[in-house]
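Have a look at query-v3.txt below; it lists compact mmCIF, C-alpha atoms.
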# COMPACT_ATOMS: atom_id res chain seq x y z
CA MET M 1392 -60.48 77.56 -0.93
CA GLU M 1393 -62.35 74.34 -0.43
CA ALA M 1394 -64.98 74.77 2.27
CA TYR M 1395 -63.77 71.76 4.23
CA ARG M 1396 -60.38 73.37 4.81
CA ALA M 1397 -62.12 75.80 7.13
CA MET M 1398 -62.48 72.83 9.51
CA LEU M 1399 -58.75 73.03 10.24
CA HIS M 1400 -57.89 75.27 13.19
CA PRO M 1401 -54.43 76.01 14.64
CA GLU M 1402 -55.80 75.75 18.20
CA LEU M 1403 -56.87 72.14 17.62
CA ILE M 1404 -53.44 70.56 17.26
CA PHE M 1405 -52.48 68.73 20.46
CA LEU M 1406 -49.14 66.96 20.17
CA ASP M 1407 -48.29 66.28 23.80
CA MET M 1408 -51.28 64.34 25.13
CA GLN M 1409 -50.49 62.01 28.00
CA ALA M 1410 -53.37 59.58 28.38
CA ASP M 1411 -53.06 56.02 29.66
CA ARG M 1412 -56.19 54.77 27.92
CA ALA M 1413 -58.09 55.82 24.80
CA GLY M 1414 -61.12 56.58 26.98
CA ASP M 1415 -59.06 59.07 29.00
CA LEU M 1416 -57.82 60.71 25.82
CA PHE M 1417 -61.41 61.20 24.64
CA ILE M 1418 -62.30 62.90 27.94
CA GLN M 1419 -59.21 65.14 27.84
CA VAL M 1420 -59.67 66.17 24.22
CA GLY M 1421 -63.43 66.50 24.69
CA ALA M 1422 -62.83 68.96 27.53
CA LYS M 1423 -60.51 71.06 25.35
CA LEU M 1424 -62.99 71.09 22.49
CA GLN M 1425 -65.78 72.12 24.80
CA LYS M 1426 -63.72 74.89 26.38
CA LEU M 1427 -62.95 76.25 22.91
CA GLY M 1428 -66.63 76.16 21.93
CA TYR M 1429 -66.52 73.45 19.25
CA VAL M 1430 -68.75 70.89 20.97
CA LYS M 1431 -71.73 70.70 23.29
CA THR M 1432 -71.67 69.55 26.90
CA ASP M 1433 -72.56 65.90 26.25
CA TYR M 1434 -69.90 65.49 23.56
CA SER M 1435 -67.37 63.40 25.54
CA LYS M 1436 -70.08 61.06 26.76
CA ALA M 1437 -71.50 60.67 23.25
CA LEU M 1438 -68.00 60.11 21.89
CA ALA M 1439 -67.26 57.31 24.36
CA GLN M 1440 -70.62 55.66 23.69
CA ARG M 1441 -70.22 55.79 19.94
CA GLU M 1442 -66.68 54.47 20.08
CA ALA M 1443 -67.90 51.57 22.22
CA ASP M 1444 -70.66 50.77 19.72
CA PHE M 1445 -68.73 51.56 16.56
CA PRO M 1446 -64.95 51.72 17.03
CA THR M 1447 -63.00 53.97 14.65
CA GLY M 1448 -59.45 52.58 14.61
CA LEU M 1449 -57.97 52.23 11.13
CA VAL M 1450 -54.84 50.37 10.10
CA THR M 1451 -53.73 52.38 7.10
CA LYS M 1452 -50.75 51.64 4.88
CA TYR M 1453 -48.16 53.62 6.88
CA LEU M 1454 -49.82 54.69 10.11
CA PRO M 1455 -52.46 53.31 12.46
CA VAL M 1456 -54.96 56.07 13.33
CA ALA M 1457 -58.38 56.57 14.88
CA LEU M 1458 -61.19 58.88 13.80
CA PRO M 1459 -63.36 59.40 16.89
CA HIS M 1460 -66.60 61.22 16.07
CA THR M 1461 -70.18 61.67 17.22
CA ASP M 1462 -73.47 62.39 15.54
CA PRO M 1463 -73.74 66.03 14.33
CA GLU M 1464 -76.10 67.01 17.16
CA TYR M 1465 -73.19 67.13 19.63
CA VAL M 1466 -71.05 69.41 17.45
CA GLU M 1467 -71.25 73.19 17.78
CA LYS M 1468 -69.06 74.11 14.79
CA PRO M 1469 -67.25 71.83 12.32
CA PHE M 1470 -63.65 70.84 13.00
CA ILE M 1471 -60.90 68.33 12.60
CA CYS M 1472 -58.65 68.01 15.63
CA LEU M 1473 -55.33 66.19 15.78
CA ALA M 1474 -54.28 64.65 19.09
CA LYS M 1475 -50.99 62.79 19.36
CA ASN M 1476 -50.52 60.77 22.52
CA GLU M 1477 -47.05 60.25 24.01
CA LYS M 1478 -47.49 56.50 23.66
CA PRO M 1479 -49.73 54.28 21.53
CA LEU M 1480 -53.11 53.44 23.06
CA ALA M 1481 -55.16 50.28 22.67
CA LEU M 1482 -58.42 50.55 20.77
CA LEU M 1483 -60.53 48.57 18.33
CA GLN M 1484 -60.62 48.61 14.56
CA MET M 1485 -63.54 49.90 12.58
CA GLY M 1486 -65.48 47.14 10.83
CA THR M 1487 -63.87 44.11 12.44
CA ASN M 1488 -63.56 45.23 16.10
CA GLU M 1489 -60.09 43.63 16.17
CA PRO M 1490 -57.63 45.11 18.69
CA MET M 1491 -54.98 47.59 17.53
CA GLN M 1492 -52.88 50.48 18.85
CA ALA M 1493 -52.73 54.07 17.69
CA GLN M 1494 -50.85 57.17 18.69
CA TYR M 1495 -52.50 59.60 16.27
CA PHE M 1496 -56.17 60.48 16.78
CA PHE M 1497 -58.11 62.67 14.37
CA PHE M 1498 -61.31 63.86 16.04
CA LEU M 1499 -63.90 64.75 13.41
CA GLY M 1500 -66.60 67.32 14.11
CA ILE M 1501 -69.04 66.75 11.28
CA THR M 1502 -72.16 68.91 11.00
CA VAL M 1503 -73.10 68.59 7.32
CA PRO M 1504 -72.03 65.07 6.23
CA LYS M 1505 -72.44 65.51 2.49
CA ASP M 1506 -70.20 68.59 2.35
CA GLN M 1507 -67.61 67.64 4.91
CA VAL M 1508 -66.81 64.08 3.96
CA VAL M 1509 -64.60 65.52 1.22
CA LEU M 1510 -62.18 66.21 4.04
CA LEU M 1511 -62.23 62.59 5.11
CA GLN M 1512 -61.73 61.43 1.51
CA LYS M 1513 -58.77 63.75 1.13
CA PHE M 1514 -57.36 62.63 4.45
CA MET M 1515 -57.61 58.95 3.55
CA GLN M 1516 -55.71 59.68 0.33
CA LEU M 1517 -53.01 61.52 2.26
CA LEU M 1518 -52.53 58.59 4.65
CA GLN M 1519 -51.62 56.48 1.64
CA ASP M 1520 -48.86 58.97 0.79
CA GLU M 1521 -45.59 58.02 2.46
CA ASN M 1522 -44.25 61.58 2.38
CA PHE M 1523 -47.31 62.95 4.12
CA VAL M 1524 -47.05 60.34 6.87
CA LYS M 1525 -43.33 61.05 7.26
CA GLY M 1526 -44.06 64.75 7.74
CA LEU M 1527 -46.91 64.03 10.12
CA THR M 1528 -44.82 61.76 12.34
CA HIS M 1529 -41.70 63.93 12.40
CA ILE M 1530 -43.16 67.34 13.22
CA THR M 1531 -43.31 68.12 16.95
CA GLU M 1532 -44.34 71.81 16.96
CA PRO M 1533 -48.11 72.50 16.79
CA ALA M 1534 -47.69 75.63 14.62
CA GLU M 1535 -45.50 73.75 12.18
CA MET M 1536 -47.93 70.84 12.17
CA PHE M 1537 -50.85 73.13 11.41
CA ALA M 1538 -48.98 74.76 8.52
CA PHE M 1539 -48.04 71.32 7.18
CA ILE M 1540 -51.55 69.90 7.37
CA LYS M 1541 -53.10 73.06 5.93
CA GLN M 1542 -50.71 72.95 3.02
CA GLU M 1543 -51.24 69.24 2.33
CA PHE M 1544 -55.02 69.42 2.56
CA MET Q 537 -80.81 48.24 -11.55
CA ALA Q 538 -78.29 47.00 -9.00
CA LYS Q 539 -78.39 48.59 -5.56
CA ILE Q 540 -75.48 48.93 -3.17
CA VAL Q 541 -75.83 50.07 0.43
CA VAL Q 542 -72.92 51.31 2.54
CA ALA Q 543 -73.43 51.35 6.30
CA CYS Q 544 -71.36 52.76 9.13
CA GLY Q 545 -72.32 53.58 12.70
CA SER Q 546 -74.22 56.78 12.09
CA GLY Q 547 -74.20 57.27 8.34
CA VAL Q 548 -72.31 60.49 9.04
CA ALA Q 549 -68.73 60.32 7.97
CA THR Q 550 -67.24 57.10 6.77
CA SER Q 551 -70.18 55.65 4.84
CA GLU Q 552 -70.54 58.82 2.77
CA THR Q 553 -66.82 58.69 2.06
CA VAL Q 554 -66.98 55.09 0.88
CA VAL Q 555 -70.06 55.85 -1.25
CA GLY Q 556 -67.94 58.49 -3.01
CA SER Q 557 -65.09 56.03 -3.58
CA ILE Q 558 -67.40 53.35 -5.01
CA LYS Q 559 -69.10 55.87 -7.30
CA ASN Q 560 -65.69 57.02 -8.55
CA PHE Q 561 -64.64 53.42 -9.13
CA LEU Q 562 -67.81 52.61 -11.08
CA ALA Q 563 -67.43 55.77 -13.19
CA GLU Q 564 -63.77 55.02 -13.93
CA HIS Q 565 -64.74 51.56 -15.14
CA LYS Q 566 -67.73 52.87 -17.08
CA ILE Q 567 -70.17 50.77 -15.07
CA THR Q 568 -73.68 52.24 -15.14
CA GLY Q 569 -77.04 51.24 -13.73
CA VAL Q 570 -75.84 50.94 -10.15
CA THR Q 571 -77.13 53.06 -7.29
CA VAL Q 572 -74.94 53.52 -4.22
CA GLU Q 573 -76.43 54.80 -0.97
CA ALA Q 574 -75.23 55.46 2.58
CA THR Q 575 -77.28 54.55 5.59
CA ASP Q 576 -76.90 54.31 9.35
CA PHE Q 577 -76.72 51.11 11.29
CA LYS Q 578 -79.93 51.56 13.24
CA GLY Q 579 -82.30 51.34 10.31
CA LEU Q 580 -80.27 48.88 8.30
CA ALA Q 581 -82.01 45.58 9.12
CA SER Q 582 -85.36 46.82 7.82
CA VAL Q 583 -84.01 48.20 4.52
CA LEU Q 584 -81.25 45.69 3.81
CA PRO Q 585 -83.48 43.25 1.82
CA LYS Q 586 -83.96 45.99 -0.82
CA TYR Q 587 -80.27 45.87 -1.72
CA ASP Q 588 -78.05 43.51 -3.71
CA ILE Q 589 -74.70 44.37 -2.15
CA TYR Q 590 -73.97 45.38 1.45
CA VAL Q 591 -70.71 47.24 2.02
CA TRP Q 592 -69.99 47.20 5.76
CA ILE Q 593 -67.87 49.67 7.71
CA ALA Q 594 -69.30 48.77 11.10
CA ARG Q 595 -69.16 45.08 11.92
CA PRO Q 596 -72.30 43.28 10.67
CA THR Q 597 -74.44 41.86 13.47
CA PRO Q 598 -75.54 38.20 13.35
CA GLU Q 599 -79.01 39.48 12.41
CA LEU Q 600 -77.62 41.34 9.39
CA GLN Q 601 -75.50 38.35 8.40
CA ALA Q 602 -78.60 36.15 8.52
CA ILE Q 603 -80.51 38.57 6.27
CA CYS Q 604 -77.63 38.55 3.76
CA GLN Q 605 -77.54 34.78 3.72
CA LYS Q 606 -81.27 34.37 3.35
CA GLN Q 607 -81.67 37.02 0.65
CA GLY Q 608 -78.47 36.28 -1.25
CA ILE Q 609 -77.04 39.72 -0.55
CA VAL Q 610 -73.28 39.90 -1.10
CA ASP Q 611 -71.37 41.50 1.78
CA VAL Q 612 -68.19 43.46 1.09
CA ASN Q 613 -65.53 44.88 3.44
CA GLY Q 614 -65.85 48.67 3.18
CA VAL Q 615 -63.04 49.49 5.61
CA ASN Q 616 -60.57 48.37 2.95
CA ILE Q 617 -62.13 50.86 0.55
CA LEU Q 618 -61.92 53.60 3.17
CA THR Q 619 -58.23 53.10 3.95
CA GLY Q 620 -57.13 52.02 0.48
CA ASN Q 621 -55.50 48.96 2.04
CA ASN Q 622 -56.58 45.91 0.01
CA ALA Q 623 -59.24 48.07 -1.65
CA ASP Q 624 -58.82 45.98 -4.81
CA ASP Q 625 -60.14 42.90 -3.01
CA SER Q 626 -63.32 44.73 -2.09
CA PHE Q 627 -63.79 46.23 -5.56
CA LYS Q 628 -63.24 42.81 -7.15
CA LYS Q 629 -65.97 41.37 -4.96
CA ILE Q 630 -68.34 44.17 -6.00
CA ILE Q 631 -67.57 43.51 -9.66
CA TRP Q 632 -68.07 39.79 -9.13
CA ALA Q 633 -71.43 40.38 -7.43
CA LEU Q 634 -72.56 42.71 -10.20
CA SER Q 635 -71.51 40.23 -12.88
CA GLN Q 636 -73.56 37.49 -11.18
CA MET Q 637 -76.64 39.69 -11.48
CA ILE Q 638 -76.38 40.05 -15.26
CA ASP Q 639 -77.28 36.40 -15.78

Encoded form using structure tokens:
Amino acid sequence: MEAYRAMLHPELIFLDMQADRAGDLFIQVGAKLQKLGYVKTDYSKALAQREADFPTGLVTKYLPVALPHTDPEYVEKPFICLAKNEKPLALLQMGTNEPMQAQYFFFLGITVPKDQVVLLQKFMQLLQDENFVKGLTHITEPAEMFAFIKQEF
Amino acid sequence: MAKIVVACGSGVATSETVVGSIKNFLAEHKITGVTVEATDFKGLASVLPKYDIYVWIARPTPELQAICQKQGIVDVNGVNILTGNNADDSFKKIIWALSQMID
């Protein structure tokens, strides 16, 4: 098994988030990650700061997403966490800082960049696959979502 | 030897990913003699003059834009390479920049 697949965890699939702003979502997800031992205490703060400096929204072919992440020092153990909000939230695009909206947020907990970016590469390829995006946007059960993502990755 | 630098916010995730994509692209097209490196945004202004092509994933500051203009460094949209949306436009610009250097 590819090492990066160990970053996927069934307990990190949140499909019923109810935030009114992206900043609130970061705080809510940050609290869950901290409770589960994946991140350090300052994680949410660092996440908000980094997103303000370097936004992570991406308009991909089939689905707008965001990839919130911090520097490795705030991460306890590596992870990728999916949070789907009940409605799209406003945020800014990576690179251009143009406004956009996203409902799917993939929080990346990177500790060893050179090893773990394979996951991001693979993920970017999957987002260009219409069938993957269809599956992603139709599944509503966390367990089913985890099985789907695990299989696709 | 042509040098390409890819810069995102922290040099952690996305810049390394785009470095991989550019290296794959160069290998597929049998283009050699090009180094591709990732860096973080903080140190970029001081090292940017060493490079020929600047692939940006975080928005270039006016300072960085000024350095590019002054030093003739070609800037390329790296977000397109990351998402695969309009990636061809960015790769074409890299090829164009590299071809200018041969002369």

Do you know which residues are at most 10 Å from Ile603 (chain Q) counting all atoms listed in the file, after dropping those on the same chain fewer than 3 positions away, and could you put them as a compact mmCIF listing (two decimals) with C-alpha atoms, in the coordinates of the input?
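Dumped everything to out_26.txt:
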# COMPACT_ATOMS: atom_id res chain seq x y z
CA ALA Q 581 -82.01 45.58 9.12
CA SER Q 582 -85.36 46.82 7.82
CA LEU Q 584 -81.25 45.69 3.81
CA PRO Q 585 -83.48 43.25 1.82
CA THR Q 597 -74.44 41.86 13.47
CA PRO Q 598 -75.54 38.20 13.35
CA GLU Q 599 -79.01 39.48 12.41
CA LEU Q 600 -77.62 41.34 9.39
CA LYS Q 606 -81.27 34.37 3.35
CA GLN Q 607 -81.67 37.02 0.65
CA GLY Q 608 -78.47 36.28 -1.25
CA ILE Q 609 -77.04 39.72 -0.55

>> Quick check, in Å to one decimal: how far apart do CA of Ala1481 (chain M) and CA of Val1524 (chain M) lie?
In response: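 Distance reported for this atom pair: 20.4 Å.
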
>> Distance cut-off 10 Å, counting all atoms listed in the file - which residues of chain M neighbour chain Q? Return them as number ranges by chain.
In response: M: 1441-1442, 1444-1447, 1449-1453, 1458, 1460-1463, 1484-1488, 1499-1516, 1518-1519

> What is the distance, in Å and to one decimal place, between CA of Ile1530 (chain M) and CA of Leu1406 (chain M)?
Replying inline: 9.2 Å

> Could you name the residues that touch Lys1468 (chain M) at 8 Å or less, counting all atoms listed in the file, but leaving out those on the same chain fewer than 2 positions away, as a list in words?
Replying inline: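 Within the cut-off, the hits are Gly1428, Tyr1429, Val1430, Val1466, Phe1470, Gly1500 and Thr1502 of chain M.
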
>> Between CA of Ile638 (chain Q) and CA of Tyr587 (chain Q), what distance in Å does the model show, to one decimal?
In response: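 Straight-line distance from CA of Ile638 (chain Q) to CA of Tyr587 (chain Q) works out to 15.2 Å.
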
> Near Ala538 (chain Q), counting only C-alpha atoms, which residues have an atom at most 8 Å away, once you skip same-chain residues fewer than 5 positions from it, shown as a list of chain:residue names?
Replying inline: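 Neighbouring residues, sequence-local ones excluded: Q:Gly569, Q:Val570, Q:Thr571, Q:Tyr587, Q:Asp588, Q:Leu634, Q:Met637.
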
>> Give me the residues near Ile589 (chain Q) as a list in words, where near means some atom within 8 Å (using only C-alpha atoms) and where sequence neighbours in that chain fewer than 2 positions away do not count.
In response: Lys539, Ile540, Val541, Tyr587, Val591, Ile609, Val610, Asp611, Val612, Ile630 and Ala633 of chain Q

> So which one's closest to Val583 (chain Q), Q:Val542, Q:Val555, Q:Ile567, Q:Ala623? Using all atoms listed in the file, please.
Replying inline: Q:Val542

> Of the candidates M:Gly1448, M:Pro1455, M:Lys1478, M:Phe1498, which shows the shortest atom-to-atom distance to Gly1421 (chain M), using all atoms listed in the file?
Replying inline: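 Of M:Gly1448, M:Pro1455, M:Lys1478, M:Phe1498, the one nearest Gly1421 (chain M) is M:Phe1498, counting all atoms listed in the file.
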